[in-house]
file work.csv (CSV, C-alpha atoms)
chain,number,residue,atom,x,y,z
H,23,MET,CA,13.9,-17.0,18.9
H,24,LYS,CA,10.8,-14.8,18.6
H,25,VAL,CA,9.4,-12.9,15.7
H,26,LYS,CA,6.5,-10.5,15.6
H,27,VAL,CA,3.8,-11.0,12.9
H,28,LYS,CA,1.4,-8.2,12.0
H,29,PHE,CA,-1.7,-8.9,10.0
H,30,PHE,CA,-3.5,-6.3,7.8
H,31,ALA,CA,-6.7,-6.0,5.9
H,32,MET,CA,-8.2,-9.3,4.8
H,33,LEU,CA,-5.6,-11.4,6.7
H,34,ARG,CA,-6.2,-9.4,9.9
H,35,GLU,CA,-9.9,-10.2,9.7
H,36,ARG,CA,-9.3,-13.8,8.9
H,37,ALA,CA,-6.7,-14.2,11.7
H,38,GLY,CA,-9.0,-12.5,14.1
H,39,THR,CA,-6.0,-10.5,15.5
H,40,ALA,CA,-3.7,-7.8,14.3
H,41,GLU,CA,-0.4,-8.9,15.9
H,42,ILE,CA,1.1,-12.1,17.3
H,43,VAL,CA,4.5,-13.2,18.5
H,44,ARG,CA,5.8,-16.7,17.6
H,45,GLU,CA,8.7,-18.7,18.7
H,46,ILE,CA,10.6,-20.1,15.6
H,47,GLN,CA,13.7,-22.2,15.1
H,48,ASP,CA,17.0,-20.8,13.7
H,49,GLY,CA,17.0,-21.0,9.9
H,50,THR,CA,13.2,-20.7,9.5
H,51,THR,CA,12.3,-19.0,6.3
H,52,ILE,CA,9.4,-16.6,5.9
H,53,ALA,CA,7.6,-19.2,3.6
H,54,GLN,CA,8.0,-21.8,6.3
H,55,LEU,CA,6.5,-19.5,9.0
H,56,TRP,CA,3.6,-18.8,6.6
H,57,ALA,CA,3.0,-22.5,6.2
H,58,GLY,CA,2.9,-23.0,10.0
H,59,LEU,CA,0.6,-20.0,10.5
H,60,GLN,CA,-1.8,-21.4,7.9
H,61,ARG,CA,-2.0,-24.6,10.0
H,62,GLU,CA,-2.6,-22.6,13.1
H,63,PHE,CA,-5.1,-20.3,11.5
H,64,PRO,CA,-6.8,-22.3,8.8
H,65,LYS,CA,-8.8,-19.3,7.6
H,66,LEU,CA,-5.5,-17.7,6.4
H,67,ALA,CA,-5.3,-20.2,3.6
H,68,VAL,CA,-6.9,-18.2,0.9
H,69,SER,CA,-6.9,-19.8,-2.5
H,70,GLY,CA,-6.2,-17.8,-5.7
H,71,ILE,CA,-4.3,-15.1,-3.9
H,72,ARG,CA,-0.7,-14.4,-4.3
H,73,LEU,CA,0.9,-12.9,-1.2
H,74,LEU,CA,4.1,-10.9,-0.9
H,75,TYR,CA,6.4,-11.2,2.0
H,76,ALA,CA,7.8,-8.3,4.0
H,77,VAL,CA,10.4,-8.2,6.8
H,78,ASN,CA,11.1,-5.0,8.8
H,79,GLN,CA,9.2,-3.0,6.3
H,80,SER,CA,10.9,-4.2,3.1
H,81,TYR,CA,9.8,-6.8,0.6
H,82,VAL,CA,11.7,-10.1,0.7
H,83,THR,CA,11.7,-13.4,-1.2
H,84,PRO,CA,10.0,-16.5,0.2
H,85,ASP,CA,13.4,-18.1,1.0
H,86,HIS,CA,14.3,-15.2,3.3
H,87,VAL,CA,15.6,-16.5,6.6
H,88,LEU,CA,14.2,-14.8,9.7
H,89,HIS,CA,16.1,-13.4,12.6
H,90,GLU,CA,15.4,-12.6,16.3
H,91,SER,CA,12.8,-9.8,16.7
H,92,ASP,CA,12.0,-9.5,13.0
H,93,GLU,CA,8.7,-7.8,12.1
H,94,VAL,CA,7.0,-10.0,9.6
H,95,VAL,CA,4.1,-9.1,7.4
H,96,PHE,CA,2.3,-11.1,4.8
H,97,VAL,CA,1.0,-8.6,2.2
H,98,PRO,CA,-2.2,-9.5,0.4
H,99,PRO,CA,-2.7,-7.9,-3.1
H,100,VAL,CA,-2.5,-4.1,-2.5
H,101,SER,CA,-5.3,-1.8,-3.7
H,102,GLY,CA,-4.4,1.7,-2.7
H,103,GLY,CA,-4.9,4.7,-4.9
X,17,MET,CA,6.6,14.6,1.7
X,18,PHE,CA,5.5,11.0,1.6
X,19,ARG,CA,2.9,10.0,4.2
X,20,VAL,CA,-0.4,8.4,5.1
X,21,THR,CA,-3.0,10.2,7.2
X,22,ASP,CA,-6.4,9.6,8.8
X,23,LYS,CA,-7.4,13.2,8.0
X,24,ALA,CA,-8.8,14.8,4.9
X,25,ILE,CA,-5.9,15.5,2.5
X,26,GLN,CA,-5.2,19.2,1.9
X,27,LEU,CA,-4.2,19.8,-1.7
X,28,GLN,CA,-2.8,23.2,-0.9
X,29,GLU,CA,-0.4,21.7,1.6
X,30,LEU,CA,1.1,19.5,-1.2
X,31,LEU,CA,1.2,22.5,-3.6
X,32,ASP,CA,3.1,24.6,-1.1
X,33,PHE,CA,5.5,21.7,-0.5
X,34,VAL,CA,6.4,21.2,-4.2
X,35,THR,CA,6.6,25.0,-5.0
X,36,ASP,CA,10.1,25.6,-6.2
X,37,PRO,CA,11.7,28.7,-7.8
X,38,GLU,CA,13.3,26.4,-10.4
X,39,ALA,CA,10.1,24.7,-11.4
X,40,GLY,CA,8.1,25.7,-14.5
X,41,ALA,CA,5.4,23.2,-13.9
X,42,ILE,CA,3.4,21.5,-11.2
X,43,ALA,CA,1.4,18.4,-12.1
X,44,THR,CA,-1.1,16.9,-9.7
X,45,PHE,CA,-3.1,13.6,-9.6
X,46,ILE,CA,-6.1,13.3,-7.3
X,47,GLY,CA,-7.6,9.8,-6.8
X,48,THR,CA,-11.2,10.1,-5.7
X,49,THR,CA,-13.6,7.6,-4.4
X,50,ARG,CA,-16.5,6.7,-6.7
X,51,ASP,CA,-19.9,5.3,-6.0
X,52,ASN,CA,-19.7,2.3,-8.2
X,53,ASN,CA,-17.3,-0.5,-9.1
X,54,GLU,CA,-17.8,-3.4,-11.5
X,55,GLY,CA,-21.6,-3.0,-11.4
X,56,ARG,CA,-21.8,-2.7,-7.7
X,57,LYS,CA,-23.3,0.3,-6.0
X,58,VAL,CA,-20.6,1.4,-3.5
X,59,ILE,CA,-21.9,2.9,-0.2
X,60,ALA,CA,-18.6,3.4,1.6
X,61,LEU,CA,-14.9,2.9,1.2
X,62,GLU,CA,-12.3,2.3,3.8
X,63,TYR,CA,-8.5,2.2,3.5
X,64,GLU,CA,-6.0,0.4,5.7
X,65,ALA,CA,-2.2,0.5,5.5
X,66,TYR,CA,0.9,-1.0,7.0
X,67,PRO,CA,1.8,2.6,7.8
X,68,GLU,CA,5.5,2.4,8.4
X,69,MET,CA,6.1,0.4,5.3
X,70,ALA,CA,3.6,2.4,3.1
X,71,GLU,CA,5.5,5.6,3.8
X,72,LYS,CA,8.8,3.9,3.2
X,73,GLU,CA,7.5,2.5,-0.2
X,74,LEU,CA,6.2,6.0,-1.1
X,75,ALA,CA,9.6,7.5,-0.5
X,76,ARG,CA,11.2,4.6,-2.4
X,77,LEU,CA,9.0,5.3,-5.5
X,78,GLY,CA,9.8,9.0,-5.1
X,79,ASP,CA,13.5,8.2,-5.3
X,80,ASP,CA,12.9,6.0,-8.3
X,81,ALA,CA,11.0,8.8,-10.0
X,82,LYS,CA,13.8,11.3,-9.3
X,83,LYS,CA,16.3,8.9,-11.0
X,84,LYS,CA,14.0,8.6,-14.1
X,85,TRP,CA,13.1,12.2,-14.5
X,86,SER,CA,14.4,15.7,-13.7
X,87,ILE,CA,12.1,16.6,-10.8
X,88,CYS,CA,12.3,19.5,-8.4
X,89,ARG,CA,10.0,18.2,-5.6
X,90,MET,CA,7.4,15.6,-5.0
X,91,ALA,CA,4.7,15.0,-2.5
X,92,ILE,CA,2.3,12.1,-2.0
X,93,VAL,CA,-0.3,11.8,0.7
X,94,HIS,CA,-2.6,8.8,1.0
X,95,ARG,CA,-5.7,8.8,3.1
X,96,LEU,CA,-6.6,6.0,5.5
X,97,GLY,CA,-9.8,5.0,7.3
X,98,PRO,CA,-13.3,5.7,6.0
X,99,VAL,CA,-13.4,8.0,2.9
X,100,GLN,CA,-16.7,9.4,1.8
X,101,ILE,CA,-17.7,9.1,-1.8
X,102,THR,CA,-16.2,11.9,-4.0
X,103,GLU,CA,-13.4,12.7,-1.4
X,104,PRO,CA,-9.8,12.3,-2.4
X,105,SER,CA,-8.1,9.1,-1.3
X,106,VAL,CA,-4.7,10.0,-2.6
X,107,ILE,CA,-3.0,13.2,-3.9
X,108,ILE,CA,0.3,13.4,-5.8
X,109,ALA,CA,2.0,16.6,-6.6
X,110,VAL,CA,5.3,16.9,-8.6
X,111,SER,CA,7.2,20.0,-9.7
X,112,SER,CA,9.8,20.1,-12.4
X,113,ALA,CA,11.5,22.6,-14.7
X,114,HIS,CA,9.5,21.4,-17.7
X,115,ARG,CA,6.0,19.8,-17.8
X,116,GLU,CA,6.9,16.5,-19.4
X,117,ALA,CA,8.8,15.3,-16.2
X,118,ALA,CA,6.0,16.4,-13.9
X,119,PHE,CA,3.3,14.6,-15.9
X,120,ALA,CA,5.4,11.4,-16.3
X,121,ALA,CA,6.4,11.3,-12.6
X,122,CYS,CA,2.8,11.8,-11.5
X,123,ARG,CA,1.6,8.9,-13.7
X,124,PHE,CA,4.5,6.7,-12.5
X,125,ALA,CA,3.7,7.4,-8.9
X,126,ILE,CA,0.0,6.4,-9.0
X,127,GLU,CA,0.9,3.2,-11.0
X,128,GLU,CA,3.5,2.3,-8.4
X,129,ILE,CA,1.2,3.0,-5.5
X,130,LYS,CA,-1.3,0.5,-7.0
X,131,ARG,CA,1.5,-2.0,-7.6
X,132,THR,CA,3.6,-2.1,-4.5
X,133,VAL,CA,2.6,0.2,-1.6
X,134,PRO,CA,0.9,-1.8,1.2
X,135,ILE,CA,-2.4,0.0,1.3
X,136,TRP,CA,-5.7,-1.9,1.0
X,137,LYS,CA,-9.2,-0.7,0.1
X,138,LYS,CA,-12.3,-2.2,1.4
X,139,GLU,CA,-15.5,-1.5,-0.5
X,140,VAL,CA,-18.8,-1.7,1.3
X,141,TYR,CA,-21.6,-2.1,-1.2
X,142,GLU,CA,-25.3,-3.0,-1.1
X,143,GLY,CA,-25.3,-6.6,0.0
X,144,GLY,CA,-21.7,-7.1,1.2
X,145,GLU,CA,-18.2,-5.9,1.4
X,146,ILE,CA,-14.9,-6.9,-0.2
X,147,TRP,CA,-11.2,-6.2,0.1
X,148,ILE,CA,-10.3,-5.0,-3.4
X,149,GLY,CA,-7.6,-7.0,-5.1
X,150,THR,CA,-8.3,-10.2,-3.2
X,151,GLN,CA,-11.0,-11.5,-5.5
X,152,SER,CA,-10.2,-15.0,-6.5
X,153,GLY,CA,-7.8,-15.2,-9.4
X,154,GLN,CA,-6.4,-11.7,-8.9
X,155,SER,CA,-2.8,-11.2,-8.0
X,156,MET,CA,-0.2,-8.5,-8.2
X,157,THR,CA,3.1,-8.6,-9.9
X,158,GLN,CA,5.9,-10.1,-7.8
X,159,ASP,CA,9.0,-8.6,-9.4
X,160,LYS,CA,9.9,-6.6,-6.3
call {"tool": "encode", "arguments": {"input": "work.csv", "output": "structure tokens"}}
result
Amino acid sequence: MKVKVKFFAMLRERAGTAEIVREIQDGTTIAQLWAGLQREFPKLAVSGIRLLYAVNQSYVTPDHVLHESDEVVFVPPVSGG
Amino acid sequence: MFRVTDKAIQLQELLDFVTDPEAGAIATFIGTTRDNNEGRKVIALEYEAYPEMAEKELARLGDDAKKKWSICRMAIVHRLGPVQITEPSVIIAVSSAHREAAFAACRFAIEEIKRTVPIWKKEVYEGGEIWIGTQSGQSMTQDK
């Protein structure tokens, strides 16, 4: 199945793209997808930063299992205001 | 009214939105961009958001505020893209029957924005640029 990944801010710059689509296996968690993307885009591995995970515009826990056509975002520390 | 925008924020628009015959108070908070941060001279600031989720999170924190305090109406607009020094980056307006609720909800809203809403600020200063919040060792709370 396919999921869409959007990158923002620092992660967008490091990935060199704002959006990608990836084929994943059934049962893949968001944390597992992130681990795979860090291998694919080594620059995404930023030490000392705690990311939050979001699926379809809501925060989820790292063990959240992804589904077909999910929109996945890895949220670096926010700094609005 | 919970939204992000590429255009300059109009305070009057928020005031008009929260105006309510049952309100005895309107509190506002305006976040403005300053020309210095941690000893760095800031030349320019730029905001980026995950817009659909940012607006959803703004509405969520608005719902939370309404559960905590007796509020008439609430409006939050956050600016995106380049923001000139001294210009507002965010404006919050809350109306309530009595002032305590409006002040408290306003304060709550800006703290929640800084904690959970997916908006990021890039600071361009003399000699470099940095995404604020991503300096080594910093993190945000993960209780959500």
call {"tool": "residues_around", "arguments": {"input": "work.csv", "residues": "Gln26 of chain X", "least_positions_apart": "2", "cutoff": "10 Å", "atoms": "all atoms listed in the file", "output": "PyMOL selection string"}}
result
chain X and resi 23-24+28-31+93+104+107
call {"tool": "residues_around", "arguments": {"input": "work.csv", "residues": "Arg56 of chain X", "least_positions_apart": "6", "cutoff": "10 Å", "atoms": "all atoms listed in the file", "output": "JSON, numbers by chain"}}
result
{"X": [139, 140, 141, 142, 143, 144]}
call {"tool": "write_last_selection", "arguments": {"input": "work.csv", "atoms": "C-alpha atoms", "output": "tab-separated table (two decimals), in the coordinates of the input"}}
result
chain	number	residue	atom	x	y	z
X	139	GLU	CA	-15.50	-1.50	-0.50
X	140	VAL	CA	-18.80	-1.70	1.30
X	141	TYR	CA	-21.60	-2.10	-1.20
X	142	GLU	CA	-25.30	-3.00	-1.10
X	143	GLY	CA	-25.30	-6.60	0.00
X	144	GLY	CA	-21.70	-7.10	1.20
call {"tool": "residues_around", "arguments": {"input": "work.csv", "residues": "Gly49 of chain H", "least_positions_apart": "3", "cutoff": "9 Å", "atoms": "all atoms listed in the file", "output": "mmCIF file with C-alpha atoms, in the frame of the given file"}}
result
data_model
loop_
_atom_site.group_PDB
_atom_site.id
_atom_site.type_symbol
_atom_site.label_atom_id
_atom_site.label_comp_id
_atom_site.auth_asym_id
_atom_site.auth_seq_id
_atom_site.Cartn_x
_atom_site.Cartn_y
_atom_site.Cartn_z
ATOM 1 C CA ILE H 46 10.600 -20.100 15.600
ATOM 2 C CA VAL H 87 15.600 -16.500 6.600
ATOM 3 C CA LEU H 88 14.200 -14.800 9.700
ATOM 4 C CA HIS H 89 16.100 -13.400 12.600
#
call {"tool": "residues_around", "arguments": {"input": "work.csv", "residues": "Gln79 of chain H", "least_positions_apart": "5", "cutoff": "12 Å", "atoms": "all atoms listed in the file", "output": "list in words"}}
result
Val27, Lys28, Leu74, Asp92, Glu93, Val94, Val95, Phe96 and Val97 of chain H; Ala65, Tyr66, Pro67, Glu68, Met69, Ala70, Glu71, Lys72, Glu73, Arg76, Val133 and Pro134 of chain X
call {"tool": "residues_around", "arguments": {"input": "work.csv", "residues": "Trp147 of chain X", "least_positions_apart": "5", "cutoff": "8 Å", "atoms": "all atoms listed in the file", "output": "list in words"}}
result
Ala31 and Met32 of chain H; Trp136, Lys137, Lys138 and Glu139 of chain X
call {"tool": "closest_residue", "arguments": {"input": "work.csv", "among": "H:Glu35, H:Glu90, H:Glu45, H:Glu62", "to": "chain X", "atoms": "all atoms listed in the file"}}
result
H:Glu35
call {"tool": "interface_residues", "arguments": {"input": "work.csv", "of": "chain H", "to": "chain X", "cutoff": "6 Å", "atoms": "all atoms listed in the file", "output": "list in words"}}
result
Gly70, Ile71, Arg72, Gln79, Pro99, Val100, Ser101, Gly102 and Gly103 of chain H
call {"tool": "atom_distance", "arguments": {"input": "work.csv", "atom1": "atom CA of Glu145 of chain X", "atom2": "atom CA of Leu66 of chain H"}}
result
18.0 Å
call {"tool": "closest_residue", "arguments": {"input": "work.csv", "among": "H:Val25, H:Leu73, H:Ala67, H:Val82", "to": "Arg44 of chain H", "atoms": "only C-alpha atoms"}}
result
H:Val25
call {"tool": "closest_residue", "arguments": {"input": "work.csv", "among": "H:Leu59, H:Ala37, H:Val43, H:Ile52", "to": "Val77 of chain H", "atoms": "all atoms listed in the file"}}
result
H:Ile52
call {"tool": "atom_distance", "arguments": {"input": "work.csv", "atom1": "atom CA of Thr44 of chain X", "atom2": "atom CA of Ala120 of chain X"}}
result
10.8 Å
call {"tool": "atom_distance", "arguments": {"input": "work.csv", "atom1": "atom CA of Asn52 of chain X", "atom2": "atom CA of Arg34 of chain H"}}
result
25.4 Å
call {"tool": "closest_residue", "arguments": {"input": "work.csv", "among": "X:Ala39, X:Val99, X:Ala121, X:Val20", "to": "Asp80 of chain X", "atoms": "all atoms listed in the file"}}
result
X:Ala121
